[in-house]
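For reference, entry-v3.txt is printed below; it contains compact mmCIF, C-alpha atoms and all ligand atoms.
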```
# COMPACT_ATOMS: atom_id res chain seq x y z
CA MET I 1 4.69 11.43 0.74
CA LYS I 2 0.96 10.87 0.29
CA TYR I 3 -0.72 8.94 -2.49
CA TYR I 4 -4.10 9.89 -3.90
CA SER I 5 -6.59 7.70 -5.71
CA LEU I 6 -6.88 8.42 -9.41
CA ARG I 7 -10.65 8.15 -8.95
CA HIS I 8 -10.56 10.85 -6.25
CA GLN I 9 -13.28 9.20 -4.12
CA SER I 10 -11.00 7.91 -1.34
CA PRO I 11 -8.73 9.84 1.05
CA PRO I 12 -4.98 10.11 0.39
CA VAL I 13 -2.83 7.56 2.25
CA ASP I 14 0.84 7.03 3.10
CA PHE I 15 3.17 4.48 1.53
CA ARG I 16 2.39 1.86 4.16
CA THR I 17 -1.36 1.91 3.53
CA ALA I 18 -0.91 2.08 -0.24
CA THR I 19 1.36 -0.98 -0.05
CA ILE I 20 -0.77 -3.17 2.20
CA THR I 21 -4.05 -2.35 0.44
CA GLY I 22 -2.74 -2.29 -3.15
CA GLN I 23 -5.65 -0.33 -4.52
CA ALA I 24 -7.75 2.52 -3.12
CA PRO I 25 -11.19 1.66 -1.66
CA ASP I 26 -12.83 3.48 -4.59
CA GLY I 27 -11.11 1.08 -7.00
CA GLY I 28 -8.60 3.70 -8.20
CA LEU I 29 -4.84 3.32 -8.53
CA TYR I 30 -2.67 5.28 -6.12
CA PHE I 31 -0.47 8.05 -7.50
CA PRO I 32 2.18 10.13 -5.63
CA GLU I 33 1.01 13.63 -4.66
CA THR I 34 4.31 15.16 -5.74
CA ILE I 35 7.03 13.87 -8.03
CA PRO I 36 10.26 14.25 -6.08
CA LYS I 37 13.12 15.89 -7.96
CA PHE I 38 16.50 14.18 -7.82
CA PRO I 39 18.77 16.39 -5.70
CA PRO I 40 21.21 18.18 -8.07
CA GLY I 41 24.17 16.33 -6.56
CA LEU I 42 22.56 12.97 -7.19
CA ARG I 43 22.35 13.49 -10.94
CA ARG I 44 26.00 14.48 -11.08
CA GLU I 45 27.21 11.67 -8.84
CA LEU I 46 24.88 9.01 -10.16
CA ARG I 47 27.56 7.26 -12.16
CA SER I 48 29.82 6.69 -9.18
CA LEU I 49 27.20 5.46 -6.71
CA SER I 50 26.49 1.82 -5.91
CA LYS I 51 23.18 0.35 -7.08
CA ALA I 52 22.00 0.06 -3.47
CA THR I 53 22.76 3.74 -2.80
CA VAL I 54 20.97 4.83 -5.96
CA ALA I 55 17.99 2.72 -4.90
CA LEU I 56 17.92 4.25 -1.42
CA ASN I 57 18.09 7.79 -2.79
CA VAL I 58 15.36 7.24 -5.36
CA MET I 59 12.98 5.32 -3.08
CA ARG I 60 13.37 7.29 0.16
CA PRO I 61 11.01 10.18 -0.74
CA TYR I 62 8.34 7.71 -1.87
CA VAL I 63 8.55 5.66 1.31
CA GLY I 64 8.67 8.70 3.58
CA ALA I 65 8.64 8.02 7.30
CA THR I 66 6.88 4.65 7.02
CA ILE I 67 10.16 2.70 6.98
CA PRO I 68 13.25 3.96 8.82
CA ASP I 69 16.42 4.46 6.80
CA SER I 70 18.31 1.54 8.32
CA ASP I 71 15.59 -0.91 7.24
CA LEU I 72 15.02 0.78 3.90
CA GLN I 73 18.73 0.52 3.19
CA ARG I 74 18.62 -3.25 3.65
CA ILE I 75 15.41 -3.58 1.60
CA CYS I 76 16.92 -1.59 -1.27
CA ALA I 77 20.20 -3.49 -1.22
CA GLU I 78 18.40 -6.85 -1.34
CA ALA I 79 16.01 -5.72 -4.09
CA VAL I 80 18.83 -4.87 -6.54
CA ASP I 81 21.28 -7.56 -5.51
CA PHE I 82 22.21 -8.73 -9.04
CA GLU I 83 23.55 -7.34 -12.32
CA PHE I 84 21.82 -5.02 -14.84
CA PRO I 85 24.39 -4.86 -17.64
CA LEU I 86 24.02 -2.55 -20.64
CA VAL I 87 25.20 -4.70 -23.54
CA PRO I 88 25.95 -3.42 -27.08
CA VAL I 89 23.81 -5.29 -29.62
CA GLU I 90 24.71 -3.47 -32.83
CA ALA I 91 25.50 0.09 -33.95
CA GLY I 92 22.94 2.41 -32.34
CA VAL I 93 21.31 -0.28 -30.18
CA SER I 94 22.19 -1.51 -26.70
CA ALA I 95 20.22 -3.84 -24.44
CA LEU I 96 19.76 -3.22 -20.75
CA GLU I 97 19.54 -6.82 -19.55
CA LEU I 98 17.00 -7.06 -16.76
CA PHE I 99 16.95 -10.85 -16.57
CA HIS I 100 19.80 -11.67 -14.22
CA GLY I 101 17.62 -11.90 -11.10
CA PRO I 102 16.39 -15.10 -9.44
CA THR I 103 13.45 -15.70 -11.83
CA LEU I 104 15.12 -14.41 -15.02
CA ALA I 105 12.68 -11.57 -15.73
CA PHE I 106 12.54 -7.91 -14.82
CA LYS I 107 9.70 -8.32 -12.35
CA ASP I 108 12.16 -9.54 -9.71
CA VAL I 109 13.16 -6.06 -8.51
CA GLY I 110 9.60 -4.88 -7.91
CA ALA I 111 8.56 -8.18 -6.32
CA ARG I 112 11.59 -8.25 -4.02
CA PHE I 113 11.12 -4.64 -2.97
CA MET I 114 7.40 -5.03 -2.33
CA SER I 115 7.75 -8.30 -0.41
CA ARG I 116 10.35 -6.85 1.92
CA CYS I 117 8.27 -3.74 2.56
CA LEU I 118 5.21 -5.86 3.31
CA GLY I 119 7.37 -8.11 5.51
CA TYR I 120 8.58 -5.05 7.42
CA PHE I 121 5.04 -3.78 8.00
CA ALA I 122 3.83 -7.26 9.03
CA GLN I 123 6.70 -7.69 11.53
CA ARG I 124 5.85 -4.49 13.30
CA GLY I 125 2.64 -6.19 14.34
CA ASP I 126 0.33 -3.32 13.43
CA THR I 127 -0.63 -4.97 10.18
CA PRO I 128 -2.92 -8.00 9.99
CA ALA I 129 -1.48 -11.19 8.48
CA VAL I 130 -1.65 -10.59 4.76
CA THR I 131 -2.54 -12.94 1.92
CA VAL I 132 -1.10 -11.93 -1.43
CA LEU I 133 -3.47 -13.27 -4.09
CA VAL I 134 -2.22 -13.13 -7.66
CA ALA I 135 -3.10 -14.52 -11.08
CA THR I 136 -0.23 -15.15 -13.45
CA SER I 137 0.32 -15.95 -17.10
CA GLY I 138 3.89 -16.90 -16.16
CA ASP I 139 6.41 -14.29 -15.07
CA THR I 140 4.55 -12.41 -12.34
CA GLY I 141 3.84 -15.54 -10.32
CA GLY I 142 7.45 -16.68 -10.34
CA ALA I 143 8.78 -13.29 -9.32
CA VAL I 144 6.18 -12.99 -6.56
CA ALA I 145 6.83 -16.54 -5.30
CA SER I 146 10.57 -16.01 -5.19
CA GLY I 147 10.30 -12.50 -3.75
CA PHE I 148 7.93 -13.48 -0.92
CA LEU I 149 9.43 -16.88 -0.08
CA GLY I 150 9.96 -17.11 3.69
CA VAL I 151 8.62 -13.60 4.44
CA SER I 152 6.84 -14.09 7.77
CA GLY I 153 3.33 -12.72 8.20
CA VAL I 154 2.66 -13.01 4.47
CA GLU I 155 1.00 -15.93 2.72
CA VAL I 156 1.06 -16.09 -1.08
CA VAL I 157 -1.58 -17.80 -3.23
CA ILE I 158 -0.91 -17.91 -6.97
CA LEU I 159 -3.45 -18.96 -9.61
CA TYR I 160 -2.00 -20.17 -12.89
CA PRO I 161 -3.57 -21.76 -15.99
CA SER I 162 -2.77 -25.46 -16.11
CA GLY I 163 -0.66 -26.46 -19.12
CA LYS I 164 -0.28 -22.86 -20.32
CA VAL I 165 2.98 -21.82 -18.65
CA SER I 166 6.43 -23.00 -19.69
CA PRO I 167 8.22 -25.77 -17.71
CA VAL I 168 10.68 -23.32 -16.13
CA GLN I 169 7.83 -21.02 -15.17
CA GLU I 170 5.86 -23.88 -13.62
CA GLN I 171 8.86 -24.94 -11.56
CA GLN I 172 9.22 -21.41 -10.27
CA LEU I 173 5.57 -21.46 -9.13
CA THR I 174 5.16 -24.94 -7.74
CA THR I 175 8.40 -26.10 -6.14
CA LEU I 176 9.16 -23.53 -3.47
CA GLY I 177 6.67 -24.55 -0.75
CA GLN I 178 6.77 -22.76 2.64
CA ASN I 179 4.38 -19.77 2.48
CA ILE I 180 3.79 -20.13 -1.28
CA THR I 181 0.79 -22.09 -2.65
CA ALA I 182 0.14 -22.61 -6.36
CA LEU I 183 -3.45 -23.20 -7.46
CA GLU I 184 -3.43 -24.96 -10.83
CA VAL I 185 -6.56 -23.81 -12.62
CA SER I 186 -8.12 -25.89 -15.38
CA GLY I 187 -8.74 -22.80 -17.51
CA THR I 188 -7.08 -19.79 -19.11
CA PHE I 189 -5.19 -16.84 -17.64
CA ASP I 190 -8.33 -14.73 -18.06
CA ASP I 191 -10.23 -17.28 -15.95
CA CYS I 192 -7.55 -17.00 -13.24
CA GLN I 193 -7.74 -13.24 -13.30
CA ALA I 194 -11.55 -13.24 -13.13
CA LEU I 195 -11.44 -15.56 -10.08
CA VAL I 196 -8.96 -13.27 -8.34
CA LYS I 197 -11.03 -10.19 -9.08
CA GLN I 198 -14.12 -11.86 -7.65
CA ALA I 199 -12.21 -12.76 -4.49
CA PHE I 200 -11.13 -9.14 -3.98
CA GLN I 201 -14.78 -8.05 -4.23
CA ASP I 202 -16.11 -10.64 -1.76
CA PRO I 203 -16.91 -8.94 1.57
CA GLU I 204 -17.29 -12.26 3.40
CA LEU I 205 -13.83 -13.30 2.33
CA SER I 206 -12.26 -9.99 3.31
CA GLN I 207 -13.68 -10.52 6.82
CA ARG I 208 -11.73 -13.74 6.97
CA ARG I 209 -8.45 -12.66 5.30
CA PHE I 210 -6.64 -9.43 4.53
CA LEU I 211 -6.12 -9.80 0.78
CA THR I 212 -3.72 -7.76 -1.30
CA SER I 213 -2.43 -7.98 -4.85
CA ALA I 214 1.16 -7.98 -6.05
CA ASN I 215 0.94 -6.71 -9.58
CA SER I 216 2.17 -3.34 -10.77
CA ILE I 217 -1.00 -1.67 -9.50
CA ASN I 218 0.75 -1.79 -6.12
CA VAL I 219 3.02 1.24 -5.69
CA ALA I 220 5.66 -0.85 -3.91
CA ARG I 221 6.02 -2.98 -7.02
CA TRP I 222 5.62 -0.19 -9.53
CA LEU I 223 7.91 2.56 -8.20
CA PRO I 224 11.21 0.61 -7.84
CA GLN I 225 11.13 0.00 -11.60
CA GLN I 226 12.48 3.53 -11.94
CA LEU I 227 15.82 2.10 -10.89
CA TYR I 228 16.37 0.34 -14.23
CA TYR I 229 16.52 3.70 -15.93
CA CYS I 230 19.01 4.98 -13.37
CA PHE I 231 21.19 1.90 -13.90
CA ALA I 232 20.96 2.42 -17.68
CA TRP I 233 22.05 6.03 -17.26
CA GLN I 234 25.00 4.99 -15.07
CA GLN I 235 26.32 2.89 -17.95
CA TRP I 236 25.39 5.19 -20.84
CA PRO I 237 28.45 7.00 -22.35
CA ALA I 238 28.81 10.39 -20.65
CA ASP I 239 29.38 12.27 -23.92
CA ALA I 240 26.55 10.65 -25.89
CA PRO I 241 23.13 12.27 -26.45
CA ALA I 242 20.37 11.04 -24.13
CA PRO I 243 19.17 7.57 -25.12
CA VAL I 244 15.89 6.78 -26.84
CA ILE I 245 14.36 3.99 -24.76
CA SER I 246 12.18 1.24 -26.17
CA VAL I 247 10.14 -0.55 -23.50
CA PRO I 248 8.29 -3.82 -24.20
CA SER I 249 4.92 -3.02 -22.66
CA GLY I 250 1.88 -4.94 -21.43
CA ASN I 251 0.42 -3.40 -18.30
CA PHE I 252 2.64 -0.32 -18.80
CA GLY I 253 4.05 -0.31 -15.25
CA ASN I 254 7.65 -0.40 -16.43
CA LEU I 255 7.26 2.33 -19.05
CA CYS I 256 5.32 4.54 -16.64
CA ALA I 257 8.13 4.16 -14.08
CA GLY I 258 10.63 5.31 -16.71
CA LEU I 259 8.54 8.41 -17.41
CA LEU I 260 8.44 9.08 -13.68
CA ALA I 261 12.24 8.86 -13.41
CA GLN I 262 12.49 11.29 -16.31
CA ALA I 263 10.05 13.68 -14.60
CA SER I 264 12.30 13.50 -11.51
CA GLY I 265 15.19 14.83 -13.57
CA LEU I 266 16.91 11.78 -15.03
CA PRO I 267 18.15 12.96 -18.45
CA LEU I 268 16.52 10.43 -20.74
CA GLY I 269 15.47 10.91 -24.35
CA HIS I 270 12.32 9.89 -26.15
CA PHE I 271 10.32 6.84 -25.03
CA ILE I 272 8.87 4.14 -27.28
CA ALA I 273 6.03 1.92 -26.07
CA ALA I 274 6.74 -1.34 -27.89
CA CYS I 275 3.63 -3.51 -28.09
CA ASN I 276 2.61 -6.76 -29.74
CA ALA I 277 -0.80 -7.23 -31.40
CA ASN I 278 -2.41 -6.01 -28.18
CA GLU I 279 -2.33 -2.37 -29.02
CA PRO I 280 -4.86 -0.15 -27.22
CA VAL I 281 -2.10 2.33 -26.34
CA PRO I 282 -0.58 2.69 -29.84
CA ALA I 283 -4.17 3.13 -31.09
CA TYR I 284 -4.72 5.84 -28.47
CA LEU I 285 -1.62 7.74 -29.58
CA ARG I 286 -2.81 7.54 -33.20
CA THR I 287 -6.46 8.38 -32.67
CA GLY I 288 -6.88 9.95 -29.21
CA THR I 289 -9.41 7.28 -28.27
CA PHE I 290 -8.68 4.56 -25.72
CA THR I 291 -10.56 1.35 -26.34
CA PRO I 292 -9.78 -1.67 -24.13
CA ARG I 293 -10.16 -5.03 -25.86
CA ALA I 294 -9.94 -8.70 -24.99
CA ALA I 295 -6.31 -9.81 -25.04
CA VAL I 296 -5.10 -11.86 -28.01
CA PRO I 297 -2.34 -14.47 -27.53
CA THR I 298 1.12 -13.76 -28.99
CA PHE I 299 4.68 -15.05 -28.62
CA SER I 300 5.48 -12.20 -26.23
CA ASN I 301 2.81 -13.45 -23.84
CA ALA I 302 3.73 -11.32 -20.83
CA MET I 303 2.48 -8.38 -22.92
CA ASP I 304 -0.85 -9.94 -23.87
CA VAL I 305 -2.89 -7.32 -22.06
CA GLY I 306 -5.99 -5.79 -23.62
CA ASN I 307 -6.71 -3.21 -20.92
CA PRO I 308 -3.39 -2.04 -19.42
CA SER I 309 -3.95 -1.02 -15.81
CA ASN I 310 -1.17 1.59 -15.61
CA PHE I 311 -2.41 3.57 -18.59
CA VAL I 312 -4.37 5.85 -16.23
CA ARG I 313 -1.09 6.68 -14.47
CA ILE I 314 0.49 7.68 -17.78
CA LEU I 315 -2.48 9.93 -18.53
CA GLU I 316 -2.02 11.54 -15.11
CA LEU I 317 1.69 12.13 -15.74
CA PHE I 318 0.85 14.02 -18.93
CA ASP I 319 -2.15 15.86 -17.40
CA ASN I 320 -4.42 14.01 -19.85
CA ASP I 321 -2.85 16.05 -22.63
CA LEU I 322 -2.44 14.03 -25.81
CA THR I 323 -0.13 16.59 -27.44
CA LYS I 324 2.21 16.50 -24.45
CA MET I 325 2.16 12.71 -24.49
CA ARG I 326 2.96 12.50 -28.19
CA ALA I 327 5.97 14.78 -27.71
CA ALA I 328 7.54 12.43 -25.15
CA LEU I 329 6.26 9.04 -26.20
CA SER I 330 5.80 7.08 -29.41
CA ALA I 331 4.19 3.68 -29.69
CA ASP I 332 4.41 0.82 -32.15
CA THR I 333 2.88 -2.58 -32.77
CA VAL I 334 5.01 -5.55 -33.78
CA SER I 335 3.56 -8.79 -35.20
CA ASP I 336 4.71 -12.28 -34.16
CA GLU I 337 6.16 -12.70 -37.65
CA ASP I 338 8.32 -9.58 -37.31
CA THR I 339 9.27 -10.62 -33.78
CA VAL I 340 10.66 -13.93 -35.01
CA ALA I 341 12.38 -12.24 -37.95
CA ALA I 342 14.14 -9.86 -35.56
CA ILE I 343 15.35 -12.65 -33.27
CA ARG I 344 16.72 -14.47 -36.31
CA ALA I 345 18.37 -11.42 -37.90
CA VAL I 346 20.10 -10.27 -34.72
CA TRP I 347 21.25 -13.78 -33.94
CA GLU I 348 22.64 -14.29 -37.43
CA SER I 349 24.45 -10.98 -37.73
CA GLU I 350 25.48 -10.27 -34.13
CA ARG I 351 25.21 -13.59 -32.29
CA TYR I 352 23.10 -11.75 -29.72
CA LEU I 353 20.06 -13.72 -28.63
CA LEU I 354 16.83 -11.79 -28.13
CA GLU I 355 13.62 -13.33 -26.79
CA PRO I 356 10.15 -12.29 -27.97
CA HIS I 357 9.65 -9.29 -25.60
CA GLY I 358 13.08 -7.82 -26.26
CA ALA I 359 12.61 -8.47 -29.98
CA VAL I 360 9.40 -6.42 -29.99
CA ALA I 361 11.31 -3.56 -28.35
CA TYR I 362 14.20 -3.96 -30.81
CA THR I 363 11.90 -3.84 -33.83
CA ALA I 364 10.05 -0.77 -32.57
CA LEU I 365 13.36 1.00 -31.89
CA ARG I 366 14.71 0.15 -35.36
CA ARG I 367 11.57 1.53 -37.01
CA TYR I 368 11.90 4.73 -34.96
CA GLN I 369 15.54 5.06 -35.94
CA ALA I 370 14.61 4.69 -39.61
CA GLN I 371 12.78 8.02 -39.14
CA HIS I 372 15.35 9.50 -36.73
CA PRO I 373 18.74 8.23 -37.96
CA ALA I 374 20.79 10.10 -35.34
CA ALA I 375 18.95 8.52 -32.40
CA GLN I 376 21.04 6.26 -30.17
CA GLY I 377 18.79 3.78 -28.45
CA LEU I 378 18.48 1.14 -25.85
CA ILE I 379 15.94 -1.60 -25.39
CA LEU I 380 14.89 -3.12 -22.10
CA ALA I 381 15.58 -6.86 -22.36
CA THR I 382 12.93 -7.99 -19.90
CA ALA I 383 13.33 -11.78 -19.87
CA HIS I 384 15.96 -14.45 -20.42
CA PRO I 385 15.59 -16.35 -23.74
CA VAL I 386 15.49 -19.67 -21.85
CA LYS I 387 11.97 -18.77 -20.71
CA PHE I 388 10.74 -18.95 -24.32
CA PRO I 389 12.45 -22.04 -25.75
CA GLU I 390 9.62 -22.94 -28.16
CA VAL I 391 10.13 -19.65 -30.03
CA VAL I 392 13.86 -19.20 -29.70
CA GLU I 393 15.38 -22.67 -30.01
CA PRO I 394 14.13 -23.44 -33.55
CA ILE I 395 15.78 -20.18 -34.70
CA ILE I 396 19.19 -20.89 -33.21
CA GLY I 397 18.98 -24.63 -33.82
CA GLN I 398 20.16 -25.60 -30.35
CA ALA I 399 18.96 -25.83 -26.79
CA ILE I 400 19.67 -22.92 -24.46
CA PRO I 401 21.57 -24.00 -21.37
CA LEU I 402 19.66 -23.47 -18.14
CA PRO I 403 21.13 -20.53 -16.19
CA GLU I 404 22.41 -21.23 -12.71
CA ALA I 405 19.68 -19.09 -11.13
CA VAL I 406 17.02 -21.72 -11.93
CA GLN I 407 19.06 -24.93 -11.92
CA HIS I 408 18.29 -25.59 -8.26
CA LEU I 409 14.57 -25.94 -9.10
CA GLN I 410 15.21 -28.77 -11.54
CA ASN I 411 14.69 -31.81 -9.35
CA ARG I 412 12.31 -30.44 -6.80
CA PRO I 413 8.87 -32.05 -6.62
CA LYS I 414 5.95 -30.10 -8.05
CA ARG I 415 3.24 -29.20 -5.55
CA SER I 416 0.02 -27.60 -6.76
CA VAL I 417 -3.62 -27.62 -5.72
CA PRO I 418 -5.97 -28.36 -8.65
CA LEU I 419 -8.81 -25.89 -9.02
CA ALA I 420 -11.79 -25.78 -11.38
CA VAL I 421 -12.92 -22.48 -12.87
CA ASP I 422 -15.40 -22.17 -10.03
CA TYR I 423 -15.36 -19.27 -7.61
CA GLU I 424 -17.01 -21.28 -4.81
CA GLN I 425 -14.07 -23.70 -4.90
CA LEU I 426 -11.55 -20.86 -4.64
CA LYS I 427 -13.53 -19.26 -1.84
CA ALA I 428 -13.77 -22.51 0.09
CA TYR I 429 -10.01 -22.86 -0.18
CA LEU I 430 -9.37 -19.30 1.02
CA MET I 431 -11.95 -19.47 3.86
CA THR I 432 -10.16 -22.36 5.60
C1 LIG Q 501 5.56 -8.21 -17.44
C2 LIG Q 501 6.46 -8.24 -18.61
C3 LIG Q 501 6.45 -7.21 -19.58
C4 LIG Q 501 5.46 -6.07 -19.54
O1 LIG Q 501 5.74 -5.16 -18.51
P1 LIG Q 501 4.62 -4.09 -18.07
O2 LIG Q 501 5.24 -3.35 -16.94
O3 LIG Q 501 3.43 -4.90 -17.65
O4 LIG Q 501 4.33 -3.24 -19.24
C5 LIG Q 501 7.38 -7.26 -20.60
N1 LIG Q 501 8.25 -8.29 -20.72
C6 LIG Q 501 8.27 -9.31 -19.82
C7 LIG Q 501 9.23 -10.41 -20.01
C8 LIG Q 501 7.40 -9.32 -18.73
O5 LIG Q 501 7.43 -10.32 -17.84
```

Here is the file; what I need is its structure written in the form of C-alpha cells.
Ligand SMILES: *Cc1c(COP(=O)(O)O)cnc(C)c1O
Amino acid sequence: MKYYSLRHQSPPVDFRTATITGQAPDGGLYFPETIPKFPPGLRRELRSLSKATVALNVMRPYVGATIPDSDLQRICAEAVDFEFPLVPVEAGVSALELFHGPTLAFKDVGARFMSRCLGYFAQRGDTPAVTVLVATSGDTGGAVASGFLGVSGVEVVILYPSGKVSPVQEQQLTTLGQNITALEVSGTFDDCQALVKQAFQDPELSQRRFLTSANSINVARWLPQQLYYCFAWQQWPADAPAPVISVPSGNFGNLCAGLLAQASGLPLGHFIAACNANEPVPAYLRTGTFTPRAAVPTFSNAMDVGNPSNFVRILELFDNDLTKMRAALSADTVSDEDTVAAIRAVWESERYLLEPHGAVAYTALRRYQAQHPAAQGLILATAHPVKFPEVVEPIIGQAIPLPEAVQHLQNRPKRSVPLAVDYEQLKAYLMT
C-alpha cells in the first residue's frame, strides 16, 4: 500500500515513511492509494472473530510489507486489549462505549497502535531516534503518554496549557516519567499548538531531532479507528437494519475512519457528524463553502476545533462531490445548553450517564430520528464521564467514582517543566 499527499507535490510513500514522518514534505496529509475491500468471508465471519483478529485483518493491507505479520499480530492485539461494549441507552439508541482503555477516551486505540508501530520501526535501527511532539487540550496528550510509555527509541514531549486541563487529565500527562516529558505552558491550547507548529517548521531543530506528531494526521493513529465500527457491527443485532451512526467530531479523524470502513464494505447506515458550536463542517454541508474559524470554547472541549485537519480526507473520500457527501453524511450543531439538557434527561429517565461529547452525539441522533423515525442509531461514547466532573456532577448530584484504570495515578508526584509562550524557550529545551 502506498500513500499519496493530498497536496500532490510530494512522492507517494509506504506505511513506514508515512508513520515516521506524520505529514508529507509538501504539508499535505497522506491518503491510501486504494481503499482495500474486506474479503467477502470477513464480512460474513466478522461476528465470530476476536477483536485482535478483526484488527489484524483490517490493518494488514494498510501496513503492507513494512511490518511482518507476527509483529503486526502482537501490535494489533495490544492496541485493542480492552472492552468496547455496545450498551442500550433507550429505544432506538445504543452507545458504543469507547472509554474503557487506559486513559478513558477513544484516542487510546490509535495512540497504542501508532506507538507500537513507531517502536517497531525504531527497534529495527533503520529509523533515527524519534521525538513525538504534541500539543494537547487534554485527551490526546494522555493517550499519547500512556501509549508511548516505555517504547524505546521514542521520546515524547507534550505541551499542555497550565490550569486548563482537568485534574485526571493532568495526572495522565505529568506522572508517568520515563520517556514522557510534560511542558506546562503558561498560555492557552492555541498557544501550545502554535509553538508546536513553529517547531515542526524550524530547519535548525530538525537537524538536531527527528520530530513527528501523534495526532490523527498520522495514518498510524487515524486508520485503526476503523476498528470501532467493526466492533459496533459485531454487536449490532443481525436482523436489524444497518445502524445510523452519530460521531462526536472535532478534527474529524474518527468520523473519516468510519466512512473508510464503510467504503471497504462494512454495512453501515447513514453517518451524522455531531458538532458543538465549532461548526465549519455543518456549515459546509448547508452552504457548500468551507470557512475555518478560530475555535470557541465549549463543554465538549475535545471538539473545540475551528479548522478540522481531516476534513480534506473526507472531501477526498467523496471525490469533492457535495451531493455525494450529503447522501451519506448529515451534520448538526449542538449548544452547551442542549448538551447539558441531554445529559440530565437521559440520566433522569434511563439512569445512563452521558458526558458532553456523547451528549452532543445523542442530541444530533435524536434530531435526525425526529425526521427519520424508523432509523435505529448508535452514538460513539468517546470519553468517560469522570473526565468532565464539573459538567456532569452537578447534574447527577454526586461524585463519580474514579475508575480503576486511573486510580494508580492518584498518589504519584506531578512532574512538569514550566514553559512561557516563547518559541526560543521551547527550542532551547528541544536543542539540548
Ligand atoms: C478527540 C475527541 C473527539 C473528537 O474526535 P475527532 O477524531 O478529532 O473528530 C471527540 N470526543 C472526545 C472525548 C475526544 O477526545

Report as an mmCIF file with C-alpha atoms, in the coordinates of the input which protein, DNA and RNA residues come within 8 Å of ligand LIG 501 (chain Q), using all atoms listed in the file.
```
data_model
loop_
_atom_site.group_PDB
_atom_site.id
_atom_site.type_symbol
_atom_site.label_atom_id
_atom_site.label_comp_id
_atom_site.auth_asym_id
_atom_site.auth_seq_id
_atom_site.Cartn_x
_atom_site.Cartn_y
_atom_site.Cartn_z
ATOM 1 C CA ALA I 105 12.680 -11.570 -15.730
ATOM 2 C CA PHE I 106 12.540 -7.910 -14.820
ATOM 3 C CA LYS I 107 9.700 -8.320 -12.350
ATOM 4 C CA GLY I 138 3.890 -16.900 -16.160
ATOM 5 C CA ASP I 139 6.410 -14.290 -15.070
ATOM 6 C CA THR I 140 4.550 -12.410 -12.340
ATOM 7 C CA SER I 216 2.170 -3.340 -10.770
ATOM 8 C CA VAL I 247 10.140 -0.550 -23.500
ATOM 9 C CA PRO I 248 8.290 -3.820 -24.200
ATOM 10 C CA SER I 249 4.920 -3.020 -22.660
ATOM 11 C CA GLY I 250 1.880 -4.940 -21.430
ATOM 12 C CA ASN I 251 0.420 -3.400 -18.300
ATOM 13 C CA PHE I 252 2.640 -0.320 -18.800
ATOM 14 C CA GLY I 253 4.050 -0.310 -15.250
ATOM 15 C CA ASN I 254 7.650 -0.400 -16.430
ATOM 16 C CA LEU I 255 7.260 2.330 -19.050
ATOM 17 C CA CYS I 256 5.320 4.540 -16.640
ATOM 18 C CA SER I 300 5.480 -12.200 -26.230
ATOM 19 C CA ASN I 301 2.810 -13.450 -23.840
ATOM 20 C CA ALA I 302 3.730 -11.320 -20.830
ATOM 21 C CA MET I 303 2.480 -8.380 -22.920
ATOM 22 C CA PRO I 308 -3.390 -2.040 -19.420
ATOM 23 C CA HIS I 357 9.650 -9.290 -25.600
ATOM 24 C CA GLY I 358 13.080 -7.820 -26.260
ATOM 25 C CA ALA I 381 15.580 -6.860 -22.360
ATOM 26 C CA THR I 382 12.930 -7.990 -19.900
ATOM 27 C CA ALA I 383 13.330 -11.780 -19.870
ATOM 28 C CA HIS I 384 15.960 -14.450 -20.420
#
```

*I:Pro413, I:Gly377, I:Gly101, I:Pro237: which is nearest Arg47 (chain I), counting all atoms listed in the file?*
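Using all atoms listed in the file, the shortest distance to Arg47 (chain I) belongs to I:Pro237.
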
*For Phe210 (chain I), which residue out of I:Ala52, I:Leu430, I:Ala361, I:Leu378 is the nearest one, using all atoms listed in the file?*
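Closest residue, counting all atoms listed in the file: I:Leu430.
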
*Could you give me, as a VMD selection string, the residues that sit within 10 Å of (-3.3, 10.5, -10.1) in the file's coordinates, counting all atoms listed in the file?*
chain I and resid 3 to 8 28 to 34 312 to 317 319

_When you look at Thr188 (chain I) with a cut-off of 9 Å (counting all atoms listed in the file), what residues show up, excluding the ones that are within fewer than 5 positions of it in the same chain? I need them as a PyMOL selection string._
chain I and resi 137+160-162+164+193+421

_Closest of I:Val109, I:Leu46, I:Leu176, I:Cys192 to Leu159 (chain I) - atom-to-atom distances counting only C-alpha atoms_ =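 Smallest separation from Leu159 (chain I) among the options: I:Cys192.
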
*For each of I:Glu83, I:Glu97, I:Asp190, I:Glu184, take the minimum atom-to-atom distance to Ala420 (chain I), counting all atoms listed in the file, then give the residue where this is smallest.*
I:Glu184

*Quick one: pull the distance between CA of Arg124 (chain I) and CA of Thr19 (chain I), Å, one decimal.*
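Atom-to-atom, CA of Arg124 (chain I) and CA of Thr19 (chain I) are spaced 14.5 Å apart.
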
Per residue of region 330-395 of chain I within 7 Å of region 268-291 of chain I, record the nearest atom pair and its distance in Å to one decimal, counting all atoms listed in the file, with rows in chain order and ascending residue number, as JSON lines.
```
{"residue": "I:Ser330", "atom": "CA", "partner": "I:Ile272", "partner_atom": "CA", "distance": 4.8}
{"residue": "I:Ala331", "atom": "CA", "partner": "I:Ala273", "partner_atom": "CA", "distance": 4.4}
{"residue": "I:Asp332", "atom": "CA", "partner": "I:Ala274", "partner_atom": "CA", "distance": 5.3}
{"residue": "I:Thr333", "atom": "CA", "partner": "I:Cys275", "partner_atom": "CA", "distance": 4.8}
{"residue": "I:Val334", "atom": "CA", "partner": "I:Asn276", "partner_atom": "CA", "distance": 4.9}
{"residue": "I:Ser335", "atom": "CA", "partner": "I:Asn276", "partner_atom": "CA", "distance": 5.9}
{"residue": "I:Val360", "atom": "CA", "partner": "I:Ala274", "partner_atom": "CA", "distance": 6.1}
{"residue": "I:Ala361", "atom": "CA", "partner": "I:Ala274", "partner_atom": "CA", "distance": 5.1}
{"residue": "I:Ala364", "atom": "CA", "partner": "I:Ala274", "partner_atom": "CA", "distance": 5.8}
```

_One number please: CA of Ala295 (chain I) to CA of Gln198 (chain I), in Å, one decimal._
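So the two atoms, CA of Ala295 (chain I) and CA of Gln198 (chain I), lie 19.2 Å apart.
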
*Determine, counting all atoms listed in the file, which protein, DNA and RNA residues have an atom within 12 Å of an atom of region 424-427 of chain I; residues of the same chain fewer than 2 positions away are not included. Present the result as a ChimeraX atom specification.*
/I:133,157-159,182-185,191-192,194-206,208-209,417-422,429-432
